[in-house]
Amino acid sequence: QLGEKVYNLTADGWVIAGAVASIDREYQGVAYTETYNSLAAAIADAKAGDTIDLVRDVEMDEILVVDKALTINGNGNTLTSTAARGINVLADVTIENLTVVAAGERAINVIQKPANVTIDNVTATAANYTVNVAGSAANAVVAIKNSTLNGLCTVNVAAAGANVTIENLAIDKMYIKHEASAAAFVGSQHADAKLTIKNCYAGKDVLLVSCSTGVFRAYAKNASTFNLSNCYSLAT
């Protein structure tokens, strides 16, 4: 024990007992790992360009705000959130190798402009708008790849000038009811936005009920661009 912190000796060195996140650092040529008992504490202490590693599953009852240029590597762990939003992204951020289970709306919510965001090898579930590029994130560049998303309207783009690429994405479980914007993928409603979807799949457990919008929906107004290639759906 050192001060108020209790440390355990592991194969990776001394880590705080109960730590959920770590950042690899270097001091005078010596590499070491700083550990934290919450993701929020790791983000607060991180410097732009750092990678935060999640070292175990974590539960949160507050929105996780990522306001620095960071990589969050889930290392196959799960972030379960009971907050109104799961993760609010306000910077150039990469989220990878993570499962996000959000009880509310928007597992990953991009709300800052401009932002360059990558979501890679992520499984995320939310009530709706699983990944949301909000209207406040004008001109954001977002890449979603090698991921599985579930929820009503899994990808929503509401930002003017946004450039969103969705690649190698699967939607396996989803219930789409008849609403004005209900679809698995929703294109932008705003000017100069570009949405590219390729190599994507909606499984047989995607259920459409009285839904005129279908699985892939693009808004044709305001000069938005919608490119779709090599995608298929078994939805009924």
# chains A, B, ... in the order shown; residues from 1 in each chain; ligands from 1

$ closest_atom_pairs --of "region 101-126 of chain A" --to "region 68-82 of chain A" --cutoff "9 Å" --atoms "only C-alpha atoms" --output "JSON lines"
{"residue": "A:Val101", "atom": "CA", "partner": "A:Thr80", "partner_atom": "CA", "distance": 4.7}
{"residue": "A:Ala102", "atom": "CA", "partner": "A:Ser81", "partner_atom": "CA", "distance": 4.8}
{"residue": "A:Ala103", "atom": "CA", "partner": "A:Thr82", "partner_atom": "CA", "distance": 5.1}
{"residue": "A:Gly104", "atom": "CA", "partner": "A:Thr82", "partner_atom": "CA", "distance": 6.7}
{"residue": "A:Ala107", "atom": "CA", "partner": "A:Ser81", "partner_atom": "CA", "distance": 8.4}
{"residue": "A:Val122", "atom": "CA", "partner": "A:Gly74", "partner_atom": "CA", "distance": 8.7}

$ write_last_selection --atoms "all heavy atoms" --output "PDB file, in the first residue's frame"
ATOM      1  N   VAL A 101     -22.434  -1.362 -24.314  1.00  0.00           N
ATOM      2  CA  VAL A 101     -23.850  -1.669 -24.096  1.00  0.00           C
ATOM      3  C   VAL A 101     -24.460  -0.473 -23.386  1.00  0.00           C
ATOM      4  O   VAL A 101     -24.173  -0.215 -22.217  1.00  0.00           O
ATOM      5  CB  VAL A 101     -24.027  -2.951 -23.257  1.00  0.00           C
ATOM      6  CG1 VAL A 101     -25.508  -3.229 -23.039  1.00  0.00           C
ATOM      7  CG2 VAL A 101     -23.356  -4.132 -23.939  1.00  0.00           C
ATOM      8  N   ALA A 102     -25.280   0.280 -24.118  1.00  0.00           N
ATOM      9  CA  ALA A 102     -25.876   1.502 -23.574  1.00  0.00           C
ATOM     10  C   ALA A 102     -27.359   1.278 -23.318  1.00  0.00           C
ATOM     11  O   ALA A 102     -28.098   0.871 -24.222  1.00  0.00           O
ATOM     12  CB  ALA A 102     -25.671   2.663 -24.544  1.00  0.00           C
ATOM     13  N   ALA A 103     -27.788   1.552 -22.099  1.00  0.00           N
ATOM     14  CA  ALA A 103     -29.200   1.392 -21.771  1.00  0.00           C
ATOM     15  C   ALA A 103     -30.048   2.477 -22.423  1.00  0.00           C
ATOM     16  O   ALA A 103     -31.225   2.262 -22.735  1.00  0.00           O
ATOM     17  CB  ALA A 103     -29.382   1.421 -20.256  1.00  0.00           C
ATOM     18  N   GLY A 104     -29.460   3.648 -22.645  1.00  0.00           N
ATOM     19  CA  GLY A 104     -30.191   4.749 -23.256  1.00  0.00           C
ATOM     20  C   GLY A 104     -29.926   4.849 -24.740  1.00  0.00           C
ATOM     21  O   GLY A 104     -29.653   3.849 -25.415  1.00  0.00           O
ATOM     22  N   ALA A 107     -24.913   4.928 -28.184  1.00  0.00           N
ATOM     23  CA  ALA A 107     -23.762   4.295 -27.545  1.00  0.00           C
ATOM     24  C   ALA A 107     -22.513   5.147 -27.755  1.00  0.00           C
ATOM     25  O   ALA A 107     -21.731   5.364 -26.836  1.00  0.00           O
ATOM     26  CB  ALA A 107     -23.559   2.892 -28.107  1.00  0.00           C
ATOM     27  N   VAL A 122     -15.722  -2.713 -33.024  1.00  0.00           N
ATOM     28  CA  VAL A 122     -16.571  -2.354 -31.894  1.00  0.00           C
ATOM     29  C   VAL A 122     -17.928  -3.044 -32.042  1.00  0.00           C
ATOM     30  O   VAL A 122     -18.508  -3.061 -33.129  1.00  0.00           O
ATOM     31  CB  VAL A 122     -16.769  -0.826 -31.818  1.00  0.00           C
ATOM     32  CG1 VAL A 122     -17.870  -0.468 -30.822  1.00  0.00           C
ATOM     33  CG2 VAL A 122     -15.462  -0.142 -31.437  1.00  0.00           C
TER      34      VAL A 122
END

$ residues_around --residues "Ser147 (chain A)" --least-positions-apart "2" --cutoff "6 Å" --atoms "only C-alpha atoms" --output "PyMOL selection string"
chain A and resi 121-123+145+169

$ write_last_selection --atoms "all heavy atoms" --output "compact mmCIF listing (two decimals), in the first residue's frame"
# COMPACT_ATOMS: atom_id res chain seq x y z
N ASN A 121 -13.68 -2.43 -34.95
CA ASN A 121 -13.85 -3.66 -34.18
C ASN A 121 -14.60 -3.39 -32.88
O ASN A 121 -14.18 -3.78 -31.79
CB ASN A 121 -12.50 -4.32 -33.89
CG ASN A 121 -12.64 -5.73 -33.37
OD1 ASN A 121 -13.59 -6.44 -33.71
ND2 ASN A 121 -11.71 -6.17 -32.53
N VAL A 122 -15.72 -2.71 -33.02
CA VAL A 122 -16.57 -2.35 -31.89
C VAL A 122 -17.93 -3.04 -32.04
O VAL A 122 -18.51 -3.06 -33.13
CB VAL A 122 -16.77 -0.83 -31.82
CG1 VAL A 122 -17.87 -0.47 -30.82
CG2 VAL A 122 -15.46 -0.14 -31.44
N THR A 123 -18.42 -3.61 -30.97
CA THR A 123 -19.79 -4.10 -30.91
C THR A 123 -20.56 -3.17 -29.98
O THR A 123 -20.17 -2.99 -28.82
CB THR A 123 -19.84 -5.54 -30.37
OG1 THR A 123 -19.13 -6.40 -31.26
CG2 THR A 123 -21.28 -6.03 -30.26
N LYS A 145 -15.82 0.67 -39.01
CA LYS A 145 -15.41 -0.50 -39.77
C LYS A 145 -15.27 -1.73 -38.87
O LYS A 145 -15.03 -1.62 -37.67
CB LYS A 145 -14.10 -0.23 -40.50
CG LYS A 145 -12.96 0.26 -39.62
CD LYS A 145 -11.76 0.69 -40.46
CE LYS A 145 -10.63 1.21 -39.61
NZ LYS A 145 -9.46 1.64 -40.42
N LEU A 169 -19.56 -3.79 -41.80
CA LEU A 169 -20.41 -3.64 -40.62
C LEU A 169 -21.55 -4.65 -40.68
O LEU A 169 -22.16 -4.85 -41.72
CB LEU A 169 -20.98 -2.22 -40.55
CG LEU A 169 -21.89 -1.91 -39.37
CD1 LEU A 169 -21.08 -1.88 -38.07
CD2 LEU A 169 -22.59 -0.57 -39.55

$ atom_distance --atom1 "CA of Pro114 (chain A)" --atom2 "CA of Val155 (chain A)"
18.5 Å

$ residues_around --residues "region 138-144 of chain A" --least-positions-apart "2" --cutoff "6 Å" --atoms "only C-alpha atoms" --output "list of chain:residue names"
A:Lys113, A:Pro114, A:Ala115, A:Asn116, A:Val117, A:Thr118, A:Ile119, A:Ser136, A:Ala159, A:Ala160, A:Gly161, A:Ala162, A:Asn163, A:Val164, A:Thr165, A:Ile166

$ write_last_selection --atoms "C-alpha atoms" --output "short mmCIF file (atom, residue, chain, number, x, y, z; two decimals), in the first residue's frame"
data_model
loop_
_atom_site.label_atom_id
_atom_site.label_comp_id
_atom_site.auth_asym_id
_atom_site.auth_seq_id
_atom_site.Cartn_x
_atom_site.Cartn_y
_atom_site.Cartn_z
CA LYS A 113 -16.66 19.85 -34.89
CA PRO A 114 -14.46 19.25 -36.64
CA ALA A 115 -13.68 15.73 -35.53
CA ASN A 116 -11.90 12.79 -37.10
CA VAL A 117 -13.25 9.67 -35.46
CA THR A 118 -12.51 5.99 -36.09
CA ILE A 119 -14.64 3.18 -34.69
CA SER A 136 -23.15 20.00 -33.81
CA ALA A 159 -24.20 16.85 -39.35
CA ALA A 160 -23.81 19.18 -42.30
CA GLY A 161 -20.73 18.46 -44.37
CA ALA A 162 -19.99 15.19 -42.57
CA ASN A 163 -18.07 12.46 -44.37
CA VAL A 164 -19.01 9.08 -42.95
CA THR A 165 -17.66 5.75 -44.19
CA ILE A 166 -19.21 2.50 -42.99
#

$ select_by_dssp --residues "region 76-135 of chain A" --states "strand (DSSP E)" --output "VMD selection string"
chain A and resid 78 to 81 87 to 89 94 to 102 108 to 110 116 to 128 131 to 133

$ atom_distance --atom1 "CA of Arg25 (chain A)" --atom2 "CA of Ile87 (chain A)"
24.5 Å

$ residues_around --residues "Asn88 (chain A)" --least-positions-apart "5" --cutoff "9 Å" --atoms "only C-alpha atoms" --output "list in words"
Ile63, Leu64, Val65, Val66, Asp67, Arg106, Ala107, Ile108, Asn109, Val110, Ile111 and Gln112 of chain A

$ residues_around --residues "Ile23 (chain A)" --least-positions-apart "4" --cutoff "6 Å" --atoms "only C-alpha atoms" --output "VMD selection string"
chain A and resid 33 to 34 52

$ write_last_selection --atoms "all heavy atoms" --output "mmCIF file, in the first residue's frame"
data_model
loop_
_atom_site.group_PDB
_atom_site.id
_atom_site.type_symbol
_atom_site.label_atom_id
_atom_site.label_comp_id
_atom_site.auth_asym_id
_atom_site.auth_seq_id
_atom_site.Cartn_x
_atom_site.Cartn_y
_atom_site.Cartn_z
ATOM 1 N N THR A 33 3.823 1.632 -16.762
ATOM 2 C CA THR A 33 2.380 1.682 -17.003
ATOM 3 C C THR A 33 1.689 2.376 -15.846
ATOM 4 O O THR A 33 1.840 1.965 -14.690
ATOM 5 C CB THR A 33 1.800 0.266 -17.184
ATOM 6 O OG1 THR A 33 2.422 -0.360 -18.308
ATOM 7 C CG2 THR A 33 0.293 0.320 -17.420
ATOM 8 N N GLU A 34 0.951 3.419 -16.165
ATOM 9 C CA GLU A 34 0.148 4.130 -15.165
ATOM 10 C C GLU A 34 -1.254 3.533 -15.184
ATOM 11 O O GLU A 34 -1.832 3.326 -16.246
ATOM 12 C CB GLU A 34 0.077 5.609 -15.514
ATOM 13 C CG GLU A 34 -0.574 6.476 -14.460
ATOM 14 C CD GLU A 34 0.386 6.850 -13.341
ATOM 15 O OE1 GLU A 34 1.582 7.021 -13.635
ATOM 16 O OE2 GLU A 34 -0.073 6.958 -12.196
ATOM 17 N N ILE A 52 -5.383 4.736 -24.207
ATOM 18 C CA ILE A 52 -5.908 4.244 -22.943
ATOM 19 C C ILE A 52 -6.373 2.813 -23.154
ATOM 20 O O ILE A 52 -7.202 2.541 -24.034
ATOM 21 C CB ILE A 52 -7.077 5.109 -22.440
ATOM 22 C CG1 ILE A 52 -6.590 6.539 -22.151
ATOM 23 C CG2 ILE A 52 -7.701 4.501 -21.187
ATOM 24 C CD1 ILE A 52 -7.706 7.489 -21.767
#

$ atom_distance --atom1 "CA of Asn146 (chain A)" --atom2 "CA of Cys200 (chain A)"
9.3 Å
